[in-house]
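To be precise, the following lines are model.txt, and they hold compact mmCIF, C-alpha atoms.
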```txt
# COMPACT_ATOMS: atom_id res chain seq x y z
CA MET A 146 0.00 0.00 0.00
CA LYS A 147 2.86 2.34 0.86
CA ASN A 148 4.55 1.71 -2.49
CA LYS A 149 1.27 2.31 -4.31
CA GLY A 150 0.91 5.62 -2.52
CA ILE A 151 4.41 6.69 -3.56
CA SER A 152 3.71 5.63 -7.15
CA ALA A 153 0.50 7.69 -7.15
CA ILE A 154 2.44 10.77 -6.02
CA PHE A 155 4.98 10.38 -8.82
CA ARG A 156 2.21 9.88 -11.38
CA ASN A 157 0.32 12.99 -10.29
CA GLN A 158 0.70 15.70 -12.91
CA ILE A 159 1.29 18.44 -10.36
CA PHE A 160 4.32 16.56 -8.99
CA ILE A 161 6.64 18.00 -11.66
CA PRO A 162 6.12 21.72 -10.87
CA LEU A 163 6.07 21.00 -7.13
CA ALA A 164 9.36 19.11 -7.37
CA ALA A 165 10.90 21.94 -9.42
CA LEU A 166 9.66 24.49 -6.89
CA LEU A 167 11.15 22.48 -4.02
CA LEU A 168 14.51 22.16 -5.78
CA LEU A 169 14.70 25.90 -6.41
CA ALA A 170 13.68 26.65 -2.81
CA VAL A 171 16.31 24.31 -1.36
CA PHE A 172 19.00 25.68 -3.69
CA ASN A 173 18.30 29.27 -2.66
CA LEU A 174 18.02 28.33 1.00
CA VAL A 175 21.50 26.77 0.88
CA ALA A 176 23.08 29.40 -1.39
CA ASP A 177 21.64 32.45 0.34
CA PRO A 178 18.88 32.33 3.01
CA GLU A 179 18.43 36.09 2.51
CA PHE A 180 16.58 35.18 -0.68
CA PHE A 181 13.48 34.50 1.41
CA LYS A 182 13.63 37.74 3.37
CA ILE A 183 10.59 40.03 3.02
CA THR A 184 10.76 43.61 4.25
CA LEU A 185 8.11 46.27 4.71
CA GLY A 186 9.08 49.62 3.22
CA TYR A 187 7.53 52.59 1.45
CA ASN A 188 7.30 53.45 -2.23
CA ALA A 189 7.76 56.88 -3.85
CA ALA A 190 4.17 57.81 -2.97
CA GLY A 191 4.77 57.03 0.70
CA ASN A 192 2.58 53.93 0.76
CA PRO A 193 3.67 50.76 2.60
CA VAL A 194 4.85 47.97 0.29
CA LEU A 195 6.37 44.55 0.80
CA SER A 196 9.64 43.94 -1.03
CA GLY A 197 12.02 41.05 -1.54
CA TYR A 198 12.73 38.31 -4.04
CA LEU A 199 9.60 36.38 -3.08
CA MET A 200 7.46 39.46 -3.73
CA THR A 201 9.11 39.85 -7.13
CA ILE A 202 8.16 36.26 -7.93
CA LEU A 203 4.61 36.91 -6.76
CA ASP A 204 4.44 40.13 -8.80
CA TYR A 205 5.86 39.11 -12.18
CA GLY A 206 4.81 35.48 -11.85
CA SER A 207 1.19 36.61 -11.66
CA GLU A 208 1.13 38.13 -15.14
CA LEU A 209 2.81 34.97 -16.45
CA ALA A 210 0.17 32.85 -14.68
CA ILE A 211 -2.56 34.82 -16.48
CA LEU A 212 -0.96 34.04 -19.83
CA ALA A 213 -0.42 30.40 -18.84
CA VAL A 214 -4.20 30.04 -18.41
CA GLY A 215 -4.86 31.07 -22.02
CA MET A 216 -1.86 29.17 -23.38
CA THR A 217 -3.08 25.99 -21.68
CA PHE A 218 -6.42 26.25 -23.49
CA VAL A 219 -4.72 26.81 -26.85
CA THR A 220 -2.20 24.00 -26.34
CA ALA A 221 -4.81 21.48 -25.21
CA ALA A 222 -7.26 22.29 -28.01
CA SER A 223 -4.94 22.79 -30.98
CA GLY A 224 -1.90 20.70 -30.10
CA GLY A 225 0.27 23.74 -30.75
CA GLN A 226 1.34 27.02 -29.18
CA ASP A 227 0.78 30.71 -29.83
CA ILE A 228 4.14 32.47 -30.26
CA SER A 229 2.56 35.89 -30.88
CA VAL A 230 1.63 36.52 -27.24
CA GLY A 231 4.36 39.13 -26.62
CA ALA A 232 3.48 41.09 -29.75
CA ALA A 233 -0.23 40.88 -28.91
CA ILE A 234 0.50 42.32 -25.44
CA ALA A 235 2.26 45.23 -27.14
CA ILE A 236 -0.86 45.81 -29.27
CA ALA A 237 -3.23 45.58 -26.28
CA GLY A 238 -1.09 47.95 -24.23
CA SER A 239 -0.82 50.39 -27.14
CA VAL A 240 -4.61 50.36 -27.55
CA ILE A 241 -5.11 51.15 -23.86
CA LEU A 242 -2.76 54.14 -24.09
CA ARG A 243 -4.35 55.34 -27.31
CA VAL A 244 -7.85 55.26 -25.85
CA LEU A 245 -6.73 57.05 -22.70
CA CYS A 246 -4.57 59.67 -24.43
CA GLY A 247 -6.34 60.20 -27.73
CA ARG A 248 -4.17 62.05 -30.24
CA ASP A 249 -2.18 63.81 -27.53
CA SER A 250 0.64 61.60 -26.24
CA ARG A 251 1.05 63.79 -23.14
CA PRO A 252 -2.54 64.64 -22.12
CA GLU A 253 -3.25 66.74 -19.04
CA THR A 254 -6.56 64.93 -18.61
CA LEU A 255 -7.46 61.45 -19.78
CA ARG A 256 -10.00 61.09 -22.59
CA THR A 257 -11.93 58.28 -20.89
CA SER A 258 -11.91 55.93 -17.90
CA PHE A 259 -9.48 53.08 -17.33
CA LEU A 260 -12.33 50.57 -17.56
CA VAL A 261 -13.38 51.73 -21.02
CA ALA A 262 -9.79 51.60 -22.25
CA PHE A 263 -9.37 48.09 -20.87
CA LEU A 264 -12.62 46.85 -22.44
CA VAL A 265 -11.55 48.24 -25.82
CA ALA A 266 -8.23 46.42 -25.44
CA CYS A 267 -10.13 43.21 -24.62
CA VAL A 268 -12.11 43.53 -27.84
CA VAL A 269 -9.00 44.23 -29.93
CA ALA A 270 -6.97 41.42 -28.31
CA ALA A 271 -9.90 39.00 -28.74
CA LEU A 272 -10.08 39.96 -32.44
CA PHE A 273 -6.40 39.23 -32.94
CA GLY A 274 -6.89 35.98 -31.06
CA ALA A 275 -9.81 35.24 -33.37
CA PHE A 276 -7.55 35.93 -36.36
CA ASN A 277 -5.05 33.34 -35.11
CA GLY A 278 -7.89 30.97 -34.29
CA LEU A 279 -9.33 31.36 -37.79
CA LEU A 280 -6.02 30.42 -39.40
CA VAL A 281 -5.65 27.38 -37.15
CA SER A 282 -9.21 26.07 -36.98
CA VAL A 283 -10.59 26.93 -40.42
CA PHE A 284 -7.51 27.03 -42.65
CA LYS A 285 -5.81 24.17 -40.76
CA ILE A 286 -2.48 25.99 -40.43
CA GLN A 287 -0.13 24.69 -37.75
CA PRO A 288 -0.46 27.04 -34.69
CA MET A 289 3.17 28.16 -34.52
CA VAL A 290 3.16 28.96 -38.25
CA ALA A 291 -0.19 30.74 -38.06
CA THR A 292 0.84 32.91 -35.10
CA LEU A 293 4.17 33.69 -36.73
CA ILE A 294 2.34 36.38 -38.75
CA LEU A 295 1.35 38.37 -35.68
CA PHE A 296 4.67 37.56 -34.01
CA THR A 297 6.43 39.28 -36.92
CA ALA A 298 4.10 42.22 -37.49
CA GLY A 299 2.53 42.76 -34.06
CA ARG A 300 4.99 45.25 -32.60
CA SER A 301 4.89 47.35 -35.76
CA VAL A 302 1.10 47.40 -35.49
CA ALA A 303 1.41 48.49 -31.85
CA ALA A 304 3.71 51.36 -32.82
CA TRP A 305 1.39 52.37 -35.69
CA ILE A 306 -1.60 52.62 -33.32
CA ASN A 307 0.11 55.50 -31.49
CA ASN A 308 1.87 56.97 -34.56
CA ASN A 309 5.17 55.57 -33.27
CA GLU A 310 4.97 57.91 -30.27
CA LEU A 311 5.41 56.90 -26.62
CA PRO A 312 2.31 58.09 -24.73
CA ILE A 313 2.72 58.81 -21.04
CA ILE A 314 -0.09 58.60 -18.48
CA SER A 315 0.45 61.16 -15.73
CA ASP A 316 -2.50 60.02 -13.59
CA PRO A 317 -0.93 58.11 -10.64
CA ARG A 318 -4.01 55.88 -10.35
CA PHE A 319 -3.10 54.15 -13.60
CA ALA A 320 0.04 52.75 -11.96
CA TYR A 321 -2.07 50.86 -9.41
CA TYR A 322 -2.77 47.98 -11.83
CA GLY A 323 0.88 47.11 -12.28
CA GLY A 324 2.06 48.32 -8.89
CA PHE A 325 0.40 48.74 -5.51
CA ILE A 326 -2.97 50.02 -4.39
CA PRO A 327 -2.48 52.55 -1.56
CA GLY A 328 -2.77 50.81 1.79
CA ILE A 329 -2.27 47.31 0.34
CA PRO A 330 1.39 46.20 0.50
CA VAL A 331 0.91 43.21 -1.85
CA PRO A 332 1.39 43.78 -5.63
CA THR A 333 -1.88 44.35 -7.49
CA PRO A 334 -1.05 41.86 -10.30
CA PHE A 335 -1.37 39.08 -7.74
CA PHE A 336 -5.01 40.03 -7.05
CA ILE A 337 -5.70 40.37 -10.78
CA ALA A 338 -4.27 36.89 -11.30
CA ILE A 339 -6.50 35.53 -8.52
CA ALA A 340 -9.55 37.07 -10.24
CA VAL A 341 -8.58 35.49 -13.58
CA VAL A 342 -7.98 32.10 -11.95
CA ILE A 343 -11.34 32.21 -10.15
CA VAL A 344 -13.20 33.06 -13.37
CA THR A 345 -11.32 30.29 -15.19
CA PHE A 346 -12.11 27.63 -12.61
CA LEU A 347 -15.76 28.68 -12.49
CA LEU A 348 -15.84 28.39 -16.27
CA LEU A 349 -14.34 24.91 -16.12
CA LYS A 350 -16.56 23.81 -13.23
CA PHE A 351 -19.94 24.99 -14.47
CA THR A 352 -19.48 24.41 -18.20
CA ASN A 353 -18.22 21.52 -20.32
CA LEU A 354 -15.54 23.67 -21.96
CA GLY A 355 -12.66 21.80 -20.34
CA LEU A 356 -14.08 18.43 -21.40
CA TYR A 357 -14.69 19.64 -24.95
CA ILE A 358 -11.19 21.09 -25.28
CA GLN A 359 -9.61 17.86 -24.07
CA ALA A 360 -11.79 15.77 -26.38
CA VAL A 361 -10.81 17.84 -29.42
CA GLY A 362 -7.14 17.80 -28.45
CA ILE A 363 -7.06 14.04 -27.92
CA ASN A 364 -8.93 13.03 -31.08
CA GLN A 365 -10.51 15.61 -33.35
CA LYS A 366 -12.29 13.10 -35.59
CA SER A 367 -13.75 11.20 -32.66
CA SER A 368 -14.97 14.41 -31.00
CA ARG A 369 -16.73 15.40 -34.22
CA LEU A 370 -18.48 12.03 -34.36
CA ASN A 371 -19.66 12.70 -30.78
CA GLY A 372 -21.35 15.93 -31.80
CA LEU A 373 -18.62 18.45 -31.00
CA ASN A 374 -17.43 21.19 -33.33
CA PRO A 375 -13.61 21.12 -33.24
CA THR A 376 -13.36 24.26 -35.38
CA ALA A 377 -15.44 26.32 -32.95
CA ILE A 378 -13.65 24.98 -29.88
CA LYS A 379 -10.17 25.73 -31.25
CA PHE A 380 -11.36 29.17 -32.31
CA LEU A 381 -12.74 29.84 -28.82
CA ALA A 382 -9.46 28.75 -27.19
CA PHE A 383 -7.53 31.41 -29.13
CA VAL A 384 -10.14 34.07 -28.25
CA LEU A 385 -9.79 33.19 -24.56
CA LEU A 386 -6.02 33.55 -24.86
CA GLY A 387 -6.64 36.96 -26.45
CA LEU A 388 -8.59 38.05 -23.37
CA CYS A 389 -5.75 36.90 -21.12
CA VAL A 390 -3.36 38.91 -23.30
CA ALA A 391 -5.47 42.04 -22.74
CA VAL A 392 -5.21 41.61 -18.96
CA ALA A 393 -1.45 41.12 -19.18
CA GLY A 394 -1.21 44.15 -21.47
CA LEU A 395 -2.94 46.33 -18.88
CA ILE A 396 -0.47 45.22 -16.21
CA LYS A 397 2.53 45.77 -18.48
CA VAL A 398 1.75 49.35 -19.52
CA SER A 399 0.60 50.19 -16.01
CA ARG A 400 4.01 49.35 -14.57
CA LEU A 401 5.69 52.27 -16.38
CA SER A 402 2.61 54.29 -17.41
CA THR A 403 4.02 54.18 -20.96
CA ILE A 404 5.20 51.61 -23.50
CA ASN A 405 8.32 50.52 -25.33
CA TYR A 406 7.12 48.66 -28.40
CA SER A 407 10.27 46.63 -29.02
CA VAL A 408 10.92 45.59 -25.41
CA ILE A 409 7.54 45.16 -23.74
CA ALA A 410 6.75 41.50 -22.99
CA LYS A 411 9.76 40.35 -25.02
CA ASP A 412 10.03 36.52 -25.09
CA ILE A 413 7.16 36.20 -22.61
CA GLU A 414 5.44 33.74 -24.93
CA MET A 415 8.32 31.31 -24.39
CA ASP A 416 7.89 31.54 -20.62
CA ALA A 417 4.15 30.91 -20.99
CA ILE A 418 4.77 27.84 -23.15
CA LEU A 419 7.39 26.61 -20.70
CA ALA A 420 4.93 27.08 -17.81
CA VAL A 421 2.42 24.85 -19.60
CA ALA A 422 5.10 22.24 -20.26
CA LEU A 423 6.42 22.40 -16.69
CA GLY A 424 2.86 21.78 -15.53
CA GLY A 425 3.10 18.36 -17.13
CA ASN A 426 0.63 19.19 -19.89
CA ALA A 427 1.14 17.46 -23.23
CA LEU A 428 2.32 20.03 -25.78
CA GLY A 429 0.69 17.88 -28.45
CA GLY A 430 -2.77 18.62 -27.05
CA GLY A 431 -5.36 16.73 -25.04
CA LYS A 432 -5.62 16.44 -21.26
CA PHE A 433 -4.53 19.42 -19.21
CA ASN A 434 -4.22 20.48 -15.60
CA MET A 435 -4.82 24.21 -15.15
CA THR A 436 -3.55 24.22 -11.56
CA ALA A 437 -0.27 22.69 -12.69
CA SER A 438 0.11 25.31 -15.45
CA ILE A 439 -0.45 28.18 -13.02
CA LEU A 440 2.01 26.71 -10.55
CA GLY A 441 4.43 26.21 -13.44
CA ALA A 442 4.24 29.93 -14.22
CA TYR A 443 5.39 30.85 -10.71
CA VAL A 444 8.15 28.22 -10.90
CA ILE A 445 9.42 29.79 -14.14
CA GLN A 446 9.45 33.21 -12.47
CA PHE A 447 11.17 31.64 -9.45
CA LEU A 448 13.88 30.37 -11.80
CA THR A 449 14.19 33.75 -13.56
CA THR A 450 14.46 35.64 -10.27
CA THR A 451 17.04 33.14 -8.98
CA LEU A 452 19.18 33.64 -12.08
CA TYR A 453 18.97 37.43 -11.71
CA LYS A 454 19.85 37.05 -8.05
CA PHE A 455 23.12 35.38 -9.03
CA ASN A 456 23.89 38.09 -11.60
CA VAL A 457 23.16 36.06 -14.72
CA GLN A 458 22.93 38.41 -17.70
CA SER A 459 19.48 38.80 -19.22
CA ASP A 460 20.83 37.69 -22.62
CA ALA A 461 21.89 34.38 -21.08
CA LEU A 462 18.51 33.60 -19.46
CA PRO A 463 17.09 31.82 -22.54
CA ALA A 464 20.03 29.40 -22.47
CA TYR A 465 19.25 28.34 -18.89
CA LYS A 466 15.56 28.03 -19.69
CA ALA A 467 16.46 25.96 -22.75
CA ILE A 468 18.10 23.47 -20.40
CA VAL A 469 14.81 23.21 -18.51
CA VAL A 470 12.97 22.63 -21.79
CA ILE A 471 15.42 19.88 -22.77
CA LEU A 472 14.99 18.15 -19.41
CA LEU A 473 11.20 18.37 -19.67
CA VAL A 474 11.17 16.97 -23.18
CA VAL A 475 13.54 14.14 -22.26
CA PHE A 476 11.71 13.11 -19.10
CA SER A 477 8.32 13.27 -20.85
CA ALA A 478 9.51 11.07 -23.74
CA PRO A 479 7.71 7.66 -23.75
CA THR A 480 10.99 5.69 -23.89
CA VAL A 481 12.41 7.52 -20.87
CA ARG A 482 9.16 7.12 -18.91
CA GLU A 483 9.15 3.40 -19.74
CA TRP A 484 12.75 3.09 -18.56
CA PHE A 485 11.96 4.76 -15.22
CA LYS A 486 8.89 2.57 -14.87
CA ASN A 487 10.94 -0.61 -15.36
CA VAL A 488 13.59 0.59 -12.89
CA TRP A 489 10.88 1.37 -10.32
CA LYS A 490 9.37 -2.10 -10.79
CA LYS A 491 12.76 -3.65 -10.04
CA ILE A 492 13.24 -1.51 -6.93
CA VAL A 493 9.77 -2.08 -5.47
CA PRO A 494 9.88 -5.93 -5.42
CA ALA A 495 13.36 -5.77 -3.91
CA LYS A 496 12.10 -3.59 -1.06
CA THR A 497 9.05 -5.82 -0.59
CA ALA A 498 11.23 -8.93 -0.34
CA LYS A 499 13.40 -7.30 2.33
CA GLU A 500 10.35 -6.26 4.36
CA VAL A 501 8.95 -9.82 4.23
CA ALA A 502 12.30 -11.28 5.31
```

So, in terms of structure tokens, how does the structure I just supplied come out?
Amino acid sequence: MKNKGISAIFRNQIFIPLAALLLLAVFNLVADPEFFKITLGYNAAGNPVLSGYLMTILDYGSELAILAVGMTFVTAASGGQDISVGAAIAIAGSVILRVLCGRDSRPETLRTSFLVAFLVACVVAALFGAFNGLLVSVFKIQPMVATLILFTAGRSVAAWINNNELPIISDPRFAYYGGFIPGIPVPTPFFIAIAVVIVTFLLLKFTNLGLYIQAVGINQKSSRLNGLNPTAIKFLAFVLLGLCVAVAGLIKVSRLSTINYSVIAKDIEMDAILAVALGGNALGGGKFNMTASILGAYVIQFLTTTLYKFNVQSDALPAYKAIVVILLVVFSAPTVREWFKNVWKKIVPAKTAKEVA
């Protein structure tokens, strides 16, 4: 019974991100216990804020968790990934600034409310998601190839929206979404991520969307024979990712109250894909575990923050993350899994024989 319990733990999909999180925690605890120190200070506005490496992980990991939610839907439904996420965030952020500023890149008063600007960004991001979904679901283009169009042109579109200018929002309230709400020392993106996660789990609990997405991802022909519409489900998955992109775009532009078209959310799509993979989800589509993907997002940010802590150059970060990808791919390969399974079978009987003796 004890061996069966251990086997069940290893087979659980969430074991992979939890094990990775534990390894990173132990490494930092041994290398520098100060990594886990959290201090209460004050920001430029004089409001109390919590700071430390763990708060950085909580802050930036939250926007990655939001993207991981949408990327999980797309991966499970289409068996591919959207590599245009970073460019789409640039577009969504540019739209928000355009709506707020109008034609004046340095307005004394905003043209509309933050809510209206965000809703417009949601519509635009959903439309771009629908464009990607149309190419994948209707025209049967492989997801990475289909999203390569927006990946290439997206940042130019974002710059065109604001006439290649860099709008600046002077209203300090706009910075709350990517920073701190006065009186609350925890980063606002964490609460936004919680809201997105709650909505997502309610959607999965009270609708059959999760079941339909998995059915289409596992076997498209079989799902069609069972009355599902694979085209519509794949299309919807990309639209949902577009909405997640709009939320992440709001957080991104709120952090600086402006935008840098070529730098904003650079390579974030790779982190989102890696979060899904680290969550143990099959990148070829099918069954998924949303909790594992979200946890994977925070693990990826944990890794990024750890590398920065030890003065690893930003240009070298992709190389370290590539190592993680290689390990994930190797350990998820059927031949490797079969090898571990055979080794475990040899170990378990040996232990059982000793216990009987």

Nearest-residue call for Ala437 in chain A, choices A:Val268, A:Ala237, A:Ala165, A:Ala291, using only C-alpha atoms: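 Checking each of A:Val268, A:Ala237, A:Ala165, A:Ala291 against Ala437 in chain A, counting only C-alpha atoms, the winner is A:Ala165.
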
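In this comparison, which uses all atoms listed in the file, the residue of A:Thr345, A:Thr451, A:Asn456, A:Thr292 approaching Asn173 in chain A most closely is A:Thr451.
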
Can you tell me which residues surround range 318-328 of chain A at a distance of at most 6 Å, considering all atoms listed in the file, apart from same-chain residues fewer than 3 positions away, and format the answer as a list in words? Asn192, Pro332, Thr333, Pro334, Ile396, Ser399 and Arg400 of chain A

Residues of range 414-476 of chain A within 10 Å of range 341-344 of chain A: nearest atom pair and distance (Å, one decimal) for each, counting all atoms listed in the file, sorted by chain and number, as a tab-separated table?
```
residue	atom	partner	partner_atom	distance
A:Met435	CA	A:Val342	CA	9.1
A:Thr436	CA	A:Val342	CA	9.0
A:Ile439	CA	A:Val342	CA	8.6
```

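The smallest atom-to-atom distance between Leu293 in chain A and any of A:Val384, A:Met415, A:Val265, A:Val230, using all atoms listed in the file, is found for A:Val230.
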
Selection near Trp305 in chain A, 12 Å with only C-alpha atoms, sequence-local residues under 2 positions removed, as a PDB file with C-alpha atoms, keeping the file's coordinate frame:
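Wrote part07.pdb, looks like this:
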```
ATOM      1  CA  ALA A 235       2.260  45.230 -27.140  1.00  0.00           C
ATOM      2  CA  ILE A 236      -0.860  45.810 -29.270  1.00  0.00           C
ATOM      3  CA  SER A 239      -0.820  50.390 -27.140  1.00  0.00           C
ATOM      4  CA  VAL A 240      -4.610  50.360 -27.550  1.00  0.00           C
ATOM      5  CA  ARG A 243      -4.350  55.340 -27.310  1.00  0.00           C
ATOM      6  CA  ALA A 298       4.100  42.220 -37.490  1.00  0.00           C
ATOM      7  CA  GLY A 299       2.530  42.760 -34.060  1.00  0.00           C
ATOM      8  CA  ARG A 300       4.990  45.250 -32.600  1.00  0.00           C
ATOM      9  CA  SER A 301       4.890  47.350 -35.760  1.00  0.00           C
ATOM     10  CA  VAL A 302       1.100  47.400 -35.490  1.00  0.00           C
ATOM     11  CA  ALA A 303       1.410  48.490 -31.850  1.00  0.00           C
ATOM     12  CA  ASN A 307       0.110  55.500 -31.490  1.00  0.00           C
ATOM     13  CA  ASN A 308       1.870  56.970 -34.560  1.00  0.00           C
ATOM     14  CA  ASN A 309       5.170  55.570 -33.270  1.00  0.00           C
ATOM     15  CA  GLU A 310       4.970  57.910 -30.270  1.00  0.00           C
ATOM     16  CA  LEU A 311       5.410  56.900 -26.620  1.00  0.00           C
ATOM     17  CA  TYR A 406       7.120  48.660 -28.400  1.00  0.00           C
TER      18      TYR A 406
END
```

Select, from A:Ser250, A:Asp416, A:Val214, A:Val390, the residue with the minimum atom-to-atom distance to Leu348 in chain A, counting all atoms listed in the file.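 Among the listed residues, the smallest separation from Leu348 in chain A belongs to A:Val214.
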
Nearest to Leu255 in chain A by atom-to-atom distance, counting all atoms listed in the file, from A:Leu242, A:Ile492, A:Leu373, A:Ile286: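 Comparing A:Leu242, A:Ile492, A:Leu373, A:Ile286 against Leu255 in chain A, the winner is A:Leu242.
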
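Atom pair CA of Ala422 in chain A / CA of Val269 in chain A has a distance of 27.9 Å (rounded to one decimal).
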
Closest of A:Gly362, A:Gly394, A:Gly424, A:Gly206 to Ile339 in chain A - atom-to-atom distances counting all atoms listed in the file: A:Gly206

Write out as JSON lines a residue-level contact list of range 193-294 of chain A versus range 183-188 of chain A with cut-off 10 Å: for each qualifying residue the closest pair of atoms and the distance in Å to one decimal, counting all atoms listed in the file, rows sorted by chain and residue number upward.
```
{"residue": "A:Pro193", "atom": "CA", "partner": "A:Tyr187", "partner_atom": "CA", "distance": 4.4}
{"residue": "A:Val194", "atom": "CA", "partner": "A:Gly186", "partner_atom": "CA", "distance": 5.4}
{"residue": "A:Leu195", "atom": "CA", "partner": "A:Leu185", "partner_atom": "CA", "distance": 4.6}
{"residue": "A:Ser196", "atom": "CA", "partner": "A:Thr184", "partner_atom": "CA", "distance": 5.4}
{"residue": "A:Gly197", "atom": "CA", "partner": "A:Ile183", "partner_atom": "CA", "distance": 4.9}
{"residue": "A:Tyr198", "atom": "CA", "partner": "A:Ile183", "partner_atom": "CA", "distance": 7.6}
{"residue": "A:Leu199", "atom": "CA", "partner": "A:Ile183", "partner_atom": "CA", "distance": 7.2}
{"residue": "A:Met200", "atom": "CA", "partner": "A:Ile183", "partner_atom": "CA", "distance": 7.5}
```

Report, in Å with one decimal, the straight-line distance from CA of Asn353 in chain A to CA of Asn157 in chain A. 22.7 Å

Measure the distance from CA of Ala190 in chain A to CA of Pro317 in chain A in Å and round it to one decimal.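 Rounded to one decimal, the two atoms are 9.2 Å apart.
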